[in-house]
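Asks: One file: query36.txt (compact mmCIF, C-alpha atoms and all ligand atoms).
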# COMPACT_ATOMS: atom_id res chain seq x y z
CA MET A 1100 -72.44 -18.86 46.57
CA ALA A 1101 -71.15 -21.40 49.04
CA ILE A 1102 -73.67 -23.83 50.52
CA VAL A 1103 -73.03 -24.05 54.26
CA ILE A 1104 -73.88 -27.19 56.20
CA PRO A 1105 -73.20 -27.63 59.93
CA VAL A 1106 -73.31 -31.10 61.46
CA ILE A 1107 -75.10 -30.94 64.78
CA ASN A 1108 -76.25 -33.07 67.68
CA LEU A 1109 -76.50 -32.31 71.40
CA LYS A 1110 -75.29 -35.81 72.12
CA GLY A 1111 -71.58 -36.64 72.17
CA GLY A 1112 -70.03 -39.54 70.30
CA VAL A 1113 -72.72 -39.97 67.64
CA ALA A 1114 -70.21 -39.58 64.74
CA LYS A 1115 -70.64 -35.87 64.02
CA THR A 1116 -66.94 -35.48 63.31
CA THR A 1117 -66.64 -38.75 61.36
CA THR A 1118 -69.66 -37.80 59.24
CA SER A 1119 -68.50 -34.26 58.57
CA VAL A 1120 -64.90 -35.20 57.69
CA GLY A 1121 -65.99 -38.06 55.39
CA LEU A 1122 -68.63 -35.88 53.73
CA ALA A 1123 -66.12 -33.08 53.09
CA GLU A 1124 -63.60 -35.56 51.63
CA MET A 1125 -66.29 -37.18 49.49
CA LEU A 1126 -67.53 -33.87 48.08
CA SER A 1127 -63.95 -32.98 47.21
CA SER A 1128 -62.67 -36.28 45.82
CA GLU A 1129 -65.68 -37.76 43.99
CA PHE A 1130 -67.84 -34.70 43.30
CA LYS A 1131 -64.92 -32.38 42.48
CA LYS A 1132 -66.29 -29.63 44.68
CA LYS A 1133 -64.28 -26.90 46.35
CA VAL A 1134 -64.85 -27.52 50.03
CA LEU A 1135 -64.01 -25.70 53.25
CA PHE A 1136 -64.12 -27.60 56.54
CA ILE A 1137 -64.61 -25.42 59.60
CA ASP A 1138 -63.89 -27.08 62.93
CA LEU A 1139 -65.95 -25.35 65.62
CA ASP A 1140 -65.37 -28.04 68.23
CA PRO A 1141 -62.72 -27.27 70.89
CA GLN A 1142 -62.02 -31.00 71.02
CA THR A 1143 -60.29 -30.42 67.63
CA ASN A 1144 -60.99 -33.98 66.42
CA GLY A 1145 -61.90 -32.86 62.90
CA THR A 1146 -58.75 -30.75 62.71
CA THR A 1147 -56.44 -33.58 63.75
CA MET A 1148 -58.20 -36.00 61.38
CA LEU A 1149 -57.38 -33.66 58.50
CA ILE A 1150 -53.89 -32.33 59.34
CA GLY A 1151 -52.60 -34.45 62.24
CA GLU A 1152 -51.59 -33.44 65.74
CA HIS A 1153 -48.12 -32.03 64.96
CA ARG A 1154 -49.28 -29.52 62.41
CA TRP A 1155 -52.23 -28.58 64.61
CA LYS A 1156 -49.94 -27.95 67.58
CA ASP A 1157 -47.71 -25.70 65.50
CA LEU A 1158 -50.69 -23.67 64.34
CA ASN A 1159 -52.09 -23.52 67.84
CA ASP A 1160 -48.78 -22.29 69.31
CA ASN A 1161 -48.73 -19.50 66.72
CA GLY A 1162 -52.35 -18.44 67.15
CA TYR A 1163 -53.50 -19.63 63.74
CA THR A 1164 -56.79 -21.19 64.82
CA LEU A 1165 -60.41 -20.15 65.29
CA ALA A 1166 -59.71 -19.36 68.93
CA ARG A 1167 -57.78 -16.29 67.75
CA LEU A 1168 -60.77 -15.11 65.72
CA PHE A 1169 -63.07 -15.26 68.74
CA GLU A 1170 -60.41 -13.64 70.96
CA SER A 1171 -59.99 -10.86 68.43
CA ALA A 1172 -63.73 -10.24 68.46
CA LEU A 1173 -63.55 -9.82 72.24
CA HIS A 1174 -60.63 -7.41 71.95
CA PRO A 1175 -61.11 -5.59 68.64
CA GLU A 1176 -58.48 -2.98 69.59
CA GLU A 1177 -55.85 -5.68 69.17
CA PHE A 1178 -57.34 -7.66 66.29
CA THR A 1179 -54.73 -10.30 65.46
CA PHE A 1180 -56.68 -12.98 63.62
CA ASP A 1181 -54.85 -13.77 60.38
CA LEU A 1182 -57.27 -15.56 58.04
CA ASN A 1183 -54.70 -16.21 55.35
CA ARG A 1184 -52.33 -18.01 57.72
CA THR A 1185 -55.11 -19.76 59.60
CA LEU A 1186 -56.62 -21.23 56.44
CA GLN A 1187 -54.97 -24.60 55.75
CA ARG A 1188 -55.05 -25.41 52.05
CA ASN A 1189 -55.32 -28.84 50.47
CA VAL A 1190 -55.70 -30.86 53.63
CA SER A 1191 -56.57 -34.58 54.16
CA ASN A 1192 -54.46 -37.74 54.02
CA ILE A 1193 -56.28 -38.95 50.88
CA LEU A 1194 -54.34 -38.08 47.74
CA SER A 1195 -57.46 -37.86 45.55
CA VAL A 1196 -58.87 -35.12 47.80
CA MET A 1197 -57.77 -32.05 45.88
CA ASN A 1198 -59.75 -29.01 46.95
CA LEU A 1199 -60.37 -29.31 50.65
CA ASP A 1200 -59.30 -26.47 52.95
CA LEU A 1201 -59.55 -26.27 56.72
CA ILE A 1202 -60.04 -23.66 59.39
CA PRO A 1203 -58.61 -25.39 62.46
CA SER A 1204 -60.02 -25.34 65.95
CA SER A 1205 -58.32 -25.00 69.30
CA LEU A 1206 -58.77 -26.28 72.84
CA ASP A 1207 -58.61 -22.61 73.88
CA LEU A 1208 -62.13 -22.15 72.52
CA ILE A 1209 -63.45 -23.81 75.68
CA ASN A 1210 -62.38 -20.88 77.82
CA LEU A 1211 -63.66 -18.29 75.35
CA GLN A 1212 -67.17 -19.63 74.98
CA ASP A 1213 -68.56 -17.99 78.14
CA ASP A 1214 -66.95 -14.61 77.39
CA LEU A 1215 -68.58 -14.29 73.98
CA THR A 1216 -71.75 -12.73 75.38
CA ARG A 1217 -69.57 -9.78 76.38
CA ILE A 1218 -68.22 -8.79 72.98
CA PRO A 1219 -68.22 -5.03 72.47
CA ARG A 1220 -71.36 -3.99 70.59
CA GLY A 1221 -69.45 -1.91 68.04
CA ARG A 1222 -69.99 1.70 66.99
CA PHE A 1223 -73.32 0.92 65.38
CA TYR A 1224 -74.50 -1.72 67.84
CA THR A 1225 -74.29 -4.35 65.13
CA ASN A 1226 -71.91 -6.86 66.72
CA HIS A 1227 -73.68 -10.03 67.74
CA PRO A 1228 -71.78 -12.82 69.47
CA TYR A 1229 -73.13 -15.26 66.85
CA ASP A 1230 -71.81 -13.15 63.96
CA ILE A 1231 -68.09 -13.56 64.61
CA LEU A 1232 -67.46 -16.49 62.27
CA ARG A 1233 -69.54 -14.95 59.48
CA LYS A 1234 -67.49 -11.76 59.59
CA GLY A 1235 -64.20 -13.58 60.03
CA ILE A 1236 -64.47 -15.78 56.94
CA GLN A 1237 -66.31 -13.27 54.77
CA PRO A 1238 -63.29 -12.66 52.48
CA ILE A 1239 -63.10 -16.32 51.43
CA PHE A 1240 -66.76 -17.28 51.72
CA ASN A 1241 -67.38 -17.43 48.01
CA HIS A 1242 -64.23 -19.35 47.13
CA TYR A 1243 -66.08 -22.58 47.94
CA ASP A 1244 -68.96 -24.69 46.67
CA TYR A 1245 -69.59 -26.23 50.09
CA ILE A 1246 -68.64 -25.33 53.65
CA ILE A 1247 -69.00 -28.21 56.10
CA ILE A 1248 -68.93 -27.31 59.80
CA ASP A 1249 -68.19 -29.77 62.58
CA CYS A 1250 -69.87 -28.60 65.79
CA PRO A 1251 -69.40 -29.39 69.49
CA PRO A 1252 -72.16 -31.44 71.16
CA ASN A 1253 -74.20 -28.42 72.28
CA LEU A 1254 -76.11 -25.46 70.86
CA GLY A 1255 -74.01 -22.80 72.59
CA LEU A 1256 -72.74 -19.59 71.05
CA ILE A 1257 -69.95 -21.28 69.10
CA THR A 1258 -72.40 -23.62 67.40
CA LEU A 1259 -74.74 -20.68 66.73
CA ASN A 1260 -71.86 -19.04 64.84
CA GLY A 1261 -72.01 -22.00 62.46
CA LEU A 1262 -75.81 -21.90 62.21
CA ARG A 1263 -75.66 -18.16 61.49
CA ILE A 1264 -74.25 -18.90 58.03
CA ALA A 1265 -76.03 -22.22 57.43
CA ASN A 1266 -78.25 -23.09 54.52
CA GLY A 1267 -79.18 -26.44 56.02
CA TYR A 1268 -77.89 -28.73 58.75
CA ILE A 1269 -77.46 -32.45 59.27
CA ILE A 1270 -78.16 -34.42 62.46
CA PRO A 1271 -76.15 -37.63 62.76
CA THR A 1272 -77.51 -40.06 65.31
CA ILE A 1273 -76.98 -43.57 66.56
CA PRO A 1274 -80.44 -45.17 66.31
CA ASP A 1275 -80.82 -45.86 70.02
CA VAL A 1276 -83.10 -44.38 72.67
CA LEU A 1277 -80.68 -41.96 74.32
CA SER A 1278 -79.12 -40.66 71.11
CA THR A 1279 -82.40 -39.87 69.39
CA TYR A 1280 -84.01 -38.38 72.49
CA GLY A 1281 -82.89 -34.76 71.99
CA ILE A 1282 -83.59 -34.45 68.26
CA PRO A 1283 -86.92 -32.60 68.53
CA GLN A 1284 -85.28 -30.03 70.83
CA ILE A 1285 -82.50 -29.45 68.31
CA ILE A 1286 -84.99 -28.85 65.53
CA ASN A 1287 -87.02 -26.44 67.68
CA ARG A 1288 -83.98 -24.51 68.82
CA VAL A 1289 -82.66 -24.15 65.28
CA ASN A 1290 -86.08 -23.01 64.07
CA ASP A 1291 -86.20 -20.38 66.83
CA PHE A 1292 -82.73 -19.18 65.91
CA ALA A 1293 -83.60 -19.04 62.19
CA TRP A 1294 -86.57 -16.89 63.14
CA GLU A 1295 -84.36 -14.59 65.20
CA ILE A 1296 -81.90 -14.01 62.36
CA SER A 1297 -84.69 -13.91 59.74
CA TYR A 1298 -82.97 -16.48 57.61
CA PRO A 1299 -84.29 -19.93 56.75
CA ILE A 1300 -82.17 -22.86 57.98
CA GLU A 1301 -83.33 -26.13 56.51
CA THR A 1302 -83.29 -29.38 58.45
CA LEU A 1303 -81.66 -31.39 55.67
CA GLY A 1304 -82.08 -34.60 57.53
CA ILE A 1305 -81.06 -37.16 60.09
CA VAL A 1306 -78.23 -39.56 59.26
CA ILE A 1307 -78.09 -42.95 60.95
CA THR A 1308 -74.60 -43.77 62.22
CA LYS A 1309 -72.97 -46.79 63.89
CA PHE A 1310 -75.92 -48.88 62.78
CA LYS A 1311 -75.97 -52.46 64.08
CA GLU A 1312 -78.05 -54.60 61.76
CA ASN A 1313 -78.50 -57.35 64.30
CA SER A 1314 -79.74 -55.03 67.04
CA ASN A 1315 -83.49 -54.90 67.67
CA VAL A 1316 -83.15 -51.52 69.32
CA HIS A 1317 -81.40 -50.13 66.24
CA GLN A 1318 -83.97 -51.61 63.87
CA THR A 1319 -86.87 -50.26 65.93
CA ASN A 1320 -85.39 -46.78 66.22
CA ARG A 1321 -84.52 -46.67 62.55
CA ALA A 1322 -88.15 -47.45 61.70
CA LYS A 1323 -89.25 -44.76 64.16
CA LEU A 1324 -86.97 -42.18 62.56
CA GLN A 1325 -88.34 -43.15 59.15
CA ARG A 1326 -91.85 -42.31 60.36
CA GLU A 1327 -90.80 -39.02 62.04
CA ILE A 1328 -92.23 -36.03 60.33
CA ASP A 1329 -90.05 -33.37 62.04
CA ALA A 1330 -87.06 -34.14 59.84
CA PRO A 1331 -86.42 -36.29 56.78
CA LEU A 1332 -84.16 -39.31 57.10
CA PHE A 1333 -81.26 -39.64 54.69
CA ASN A 1334 -81.23 -42.92 52.76
CA ALA A 1335 -77.52 -43.24 53.49
CA VAL A 1336 -76.88 -45.40 56.57
CA PHE A 1337 -73.47 -45.81 58.22
CA LYS A 1338 -73.03 -49.23 59.75
CA GLU A 1339 -70.85 -49.83 62.77
CA ASN A 1340 -67.51 -50.71 61.29
CA ASN A 1341 -63.95 -50.76 62.59
CA GLN A 1342 -62.45 -49.11 59.56
CA MET A 1343 -64.68 -46.06 60.09
CA ALA A 1344 -62.97 -45.68 63.46
CA SER A 1345 -59.46 -46.25 62.01
CA ALA A 1346 -60.06 -43.40 59.57
CA ALA A 1347 -59.47 -41.04 62.51
CA ASP A 1348 -55.74 -41.86 62.35
CA PHE A 1349 -54.04 -39.16 60.31
CA THR A 1350 -50.62 -40.84 60.29
CA MET A 1351 -51.70 -43.19 57.49
CA GLU A 1352 -51.72 -42.07 53.86
CA TYR A 1353 -54.23 -43.19 51.26
CA ALA A 1354 -54.53 -42.92 47.50
CA THR A 1355 -58.31 -43.06 47.37
CA PHE A 1356 -61.38 -42.42 49.47
CA ARG A 1357 -62.23 -46.14 49.44
CA GLN A 1358 -58.79 -47.06 50.81
CA LYS A 1359 -59.18 -44.77 53.81
CA TRP A 1360 -62.81 -45.42 54.69
CA GLY A 1361 -62.92 -49.10 53.78
CA TYR A 1362 -64.72 -51.46 51.47
CA GLY A 1363 -67.71 -52.45 53.62
CA GLY A 1364 -70.22 -50.09 52.05
CA GLN A 1365 -68.76 -46.92 53.61
CA PHE A 1366 -67.94 -45.46 50.19
CA ASP A 1367 -71.54 -45.93 49.05
CA ALA A 1368 -72.93 -44.49 52.28
CA PHE A 1369 -70.81 -41.33 51.98
CA TYR A 1370 -71.46 -41.15 48.24
CA ASN A 1371 -75.23 -41.37 48.76
CA LEU A 1372 -75.17 -38.80 51.55
CA ALA A 1373 -73.18 -36.34 49.42
CA ASN A 1374 -75.34 -37.07 46.40
CA GLU A 1375 -78.58 -36.39 48.27
CA ILE A 1376 -77.15 -33.05 49.40
CA VAL A 1377 -75.78 -32.07 45.99
CA GLU A 1378 -79.08 -32.98 44.33
CA ARG A 1379 -80.97 -30.92 46.87
CA TYR A 1380 -78.90 -27.81 46.11
CA GLU A 1381 -78.11 -28.23 42.43
CA ARG A 1382 -81.44 -29.67 41.25
CA ASN A 1383 -82.58 -26.39 39.73
CA GLU A 1384 -79.29 -25.47 38.10
CA ASN A 1385 -78.28 -26.09 34.44
N1 LIG B 1401 -69.65 -46.25 61.72
C1 LIG B 1401 -68.79 -46.34 62.74
N2 LIG B 1401 -68.39 -47.53 63.21
C2 LIG B 1401 -67.53 -47.62 64.25
N3 LIG B 1401 -67.00 -46.57 64.89
C3 LIG B 1401 -67.36 -45.35 64.48
C4 LIG B 1401 -68.28 -45.16 63.39
N4 LIG B 1401 -68.45 -43.83 63.22
C5 LIG B 1401 -67.69 -43.21 64.15
N5 LIG B 1401 -67.04 -44.10 64.90
C6 LIG B 1401 -66.15 -43.85 66.06
O1 LIG B 1401 -66.96 -43.43 67.15
C7 LIG B 1401 -66.31 -42.44 67.94
C8 LIG B 1401 -67.16 -41.18 68.01
O2 LIG B 1401 -67.25 -40.65 66.68
P1 LIG B 1401 -67.06 -39.09 66.42
O3 LIG B 1401 -65.86 -38.59 67.10
O4 LIG B 1401 -67.19 -38.88 64.96
O5 LIG B 1401 -68.38 -38.57 67.17
P2 LIG B 1401 -68.77 -37.09 67.58
O6 LIG B 1401 -70.26 -37.04 67.55
O7 LIG B 1401 -68.06 -36.12 66.73
O8 LIG B 1401 -68.25 -37.01 69.06
P3 LIG B 1401 -68.09 -35.68 69.96
O9 LIG B 1401 -69.46 -35.35 70.46
O10 LIG B 1401 -67.17 -36.09 71.06
O11 LIG B 1401 -67.54 -34.61 69.09
C9 LIG B 1401 -64.96 -42.22 67.28
O12 LIG B 1401 -64.01 -43.02 67.92
C10 LIG B 1401 -65.18 -42.69 65.85
O13 LIG B 1401 -63.99 -43.11 65.24
MG MG B 1402 -66.81 -34.55 67.26
Could I get this file's structure written as structure tokens?
Ligand SMILES: Nc1ncnc2c1ncn2[C@@H]1O[C@H](COP(=O)(O)OP(=O)(O)OP(=O)(O)O)[C@@H](O)[C@H]1O
Ligand SMILES: [Mg+2]

Replies:
Amino acid sequence: MAIVIPVINLKGGVAKTTTSVGLAEMLSSEFKKKVLFIDLDPQTNGTTMLIGEHRWKDLNDNGYTLARLFESALHPEEFTFDLNRTLQRNVSNILSVMNLDLIPSSLDLINLQDDLTRIPRGRFYTNHPYDILRKGIQPIFNHYDYIIIDCPPNLGLITLNGLRIANGYIIPTIPDVLSTYGIPQIINRVNDFAWEISYPIETLGIVITKFKENSNVHQTNRAKLQREIDAPLFNAVFKENNQMASAADFTMEYATFRQKWGYGGQFDAFYNLANEIVERYERNEN
């Protein structure tokens, strides 16, 4: 059974995409897991980090993105979503990343979001607008050990499609006042949704991103998050670092994870994050 983990925050720019791409690459390259990355964000940043803009544009022009899945759900009489062609196999510009696949996003998702409440209910009234992704990827769901989902900075219907199949989710945050402000609301909303679908969704934890060691605000907010009881804090901390930002450039090629993400502790941070997750889910196996 695949373990599904969306990466969520209502705030923009807190490194959701960076965290989810690095985590997916880490699980694939160092933990030898079979990983699927689903890009639910119409900004398509995760997609272009993993396959580059040219290949994305080609796919987008041909309708091989998630937008087509959501469109098809709105117009089931002309269902044209082609999972096999949409699924991009062996992605990433790191050579040691072997088993990472991608379901790309599209800017067209922006226009679809509001229409999703109007999907036809189906013959047996079983179609929910948050069930589209679950149904769409059902044929490949169990081909993977982990499914990492990058989400847009909101808890709209598209994000709920990711939460619908989630085992647990991660909240990346910059440890400053404005970025941490909405975290309790996220946890409450996810709990309400888990209740509605009668399926437990675990708050795996908060991940500190873009951490500035010499900032009092960051230190104070980190200590605050450590004391929070609503959600555990991952031990892994991502410091502010230029090479983390350069990793967004797909046009470079790298042999190893370390080469792409840099030598300033980023490898250890991603390794520890992945390890905490793997231990959480594989503790009781063997
Ligand atoms: N540790 C870091 N140090 C420096 N820059 C970083 C770090 N992590 C991420 N960044 C940069 O910060 C910017 C925002 O990161 P990212 O796109 O991952 O955030 P996001 O939460 O996905 O944003 P959005 O809400 O727009 O989807 C990007 O330019 C990224 O390269
Ligand atoms: Mg993003």

Asks: Of the candidates A:Arg1357, A:Arg1233, A:Lys1110, A:Arg1382, which one gets nearest to Asp1275 (chain A) if we count all atoms listed in the file?

Replies: A:Lys1110

Asks: Could you check the closest approach to ligand LIG 1401 (chain B) for each of A:Leu1254, A:Ala1368, A:Ala1346, A:Val1134 and tell me which residue wins, using only C-alpha atoms and all ligand atoms?

Replies: A:Ala1346

Asks: What's around Arg1379 (chain A) at 12 Å? Count all atoms listed in the file, leave out sequence neighbours fewer than 3 positions away in its own chain, and write the answer as a ChimeraX atom specification.

Replies: /A:1102,1266-1267,1301-1304,1333,1372-1376,1382-1384

Asks: Could I get the residue neighbourhood of ligand MG 1402 (chain B) at 12 Å, counting only C-alpha atoms and all ligand atoms, as a VMD selection string?

Replies: chain A and resid 1105 to 1120 1138 to 1148 1204 1248 to 1253 1271 1347

Asks: As a list in words, please: the residues near Ile1202 (chain A) (cut-off 8 Å, all atoms listed in the file, same-chain neighbours under 3 positions excluded).

Replies: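 Those residues are Leu1135, Phe1136, Ile1137, Asp1138, Thr1146, Thr1164, Leu1165, Thr1185, Leu1186 and Gln1187 of chain A.
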
Asks: From the options A:Ile1305, A:Met1351, A:Leu1182, A:Ile1273, which residue's atoms come nearest to ligand LIG 1401 (chain B), counting only C-alpha atoms and all ligand atoms?

Replies: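 Nearest candidate to ligand LIG 1401 (chain B) out of A:Ile1305, A:Met1351, A:Leu1182, A:Ile1273: A:Ile1273.
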
Asks: Identify which of the residues A:Lys1359, A:Lys1309, A:Lys1323, A:Lys1131 lies closest to ligand LIG 1401 (chain B), counting all atoms listed in the file when measuring atom-to-atom distances.

Replies: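 Once distances to ligand LIG 1401 (chain B) are computed over all atoms listed in the file, the minimum belongs to A:Lys1309.
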
Asks: What's around region 1311-1320 of chain A at 12 Å? Count all atoms listed in the file, leave out sequence neighbours fewer than 2 positions away in its own chain, and write the answer as a PyMOL selection string.

Replies: chain A and resi 1272-1280+1307-1309+1322-1327+1332+1336-1340

Asks: Just how far from CA of Ala1166 (chain A) is CA of Thr1216 (chain A), in Å to one decimal?

Replies: 15.2 Å

Asks: I'd like to know which of A:Gln1365, A:Thr1225, A:Ser1297, A:Asn1341 is closest to ligand LIG 1401 (chain B), using all atoms listed in the file.

Replies: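 For ligand LIG 1401 (chain B), the nearest of the given residues is A:Asn1341.
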
Asks: Would you give the centre and edge lengths, in Å to one decimal, of a box along x, y and z around the listed atoms of ligand LIG 1401 (chain B), with 8 Å added to each side, as AutoDock Vina command-line options?

Replies:
--center_x -67.1 --center_y -41.1 --center_z 66.4 --size_x 22.3 --size_y 29.0 --size_z 25.3

Asks: Restricting the calculation to only C-alpha atoms: of A:Val1289, A:Ile1150, A:Leu1206, A:Leu1158, which residue gets closest to Val1190 (chain A)?

Replies: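 Distance minimum relative to Val1190 (chain A) lands on A:Ile1150.
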
Asks: Rounded to one decimal, what separation in Å do you get between atom O12 of ligand LIG 1401 (chain B) and CA of Ile1300 (chain A)?

Replies: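 That distance, rounded to one decimal, is 28.9 Å.
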
Asks: To one decimal place in Å, what is the distance between CA of Gly1255 (chain A) and CA of Leu1215 (chain A)?

Replies: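 Interatomic distance here is 10.2 Å.
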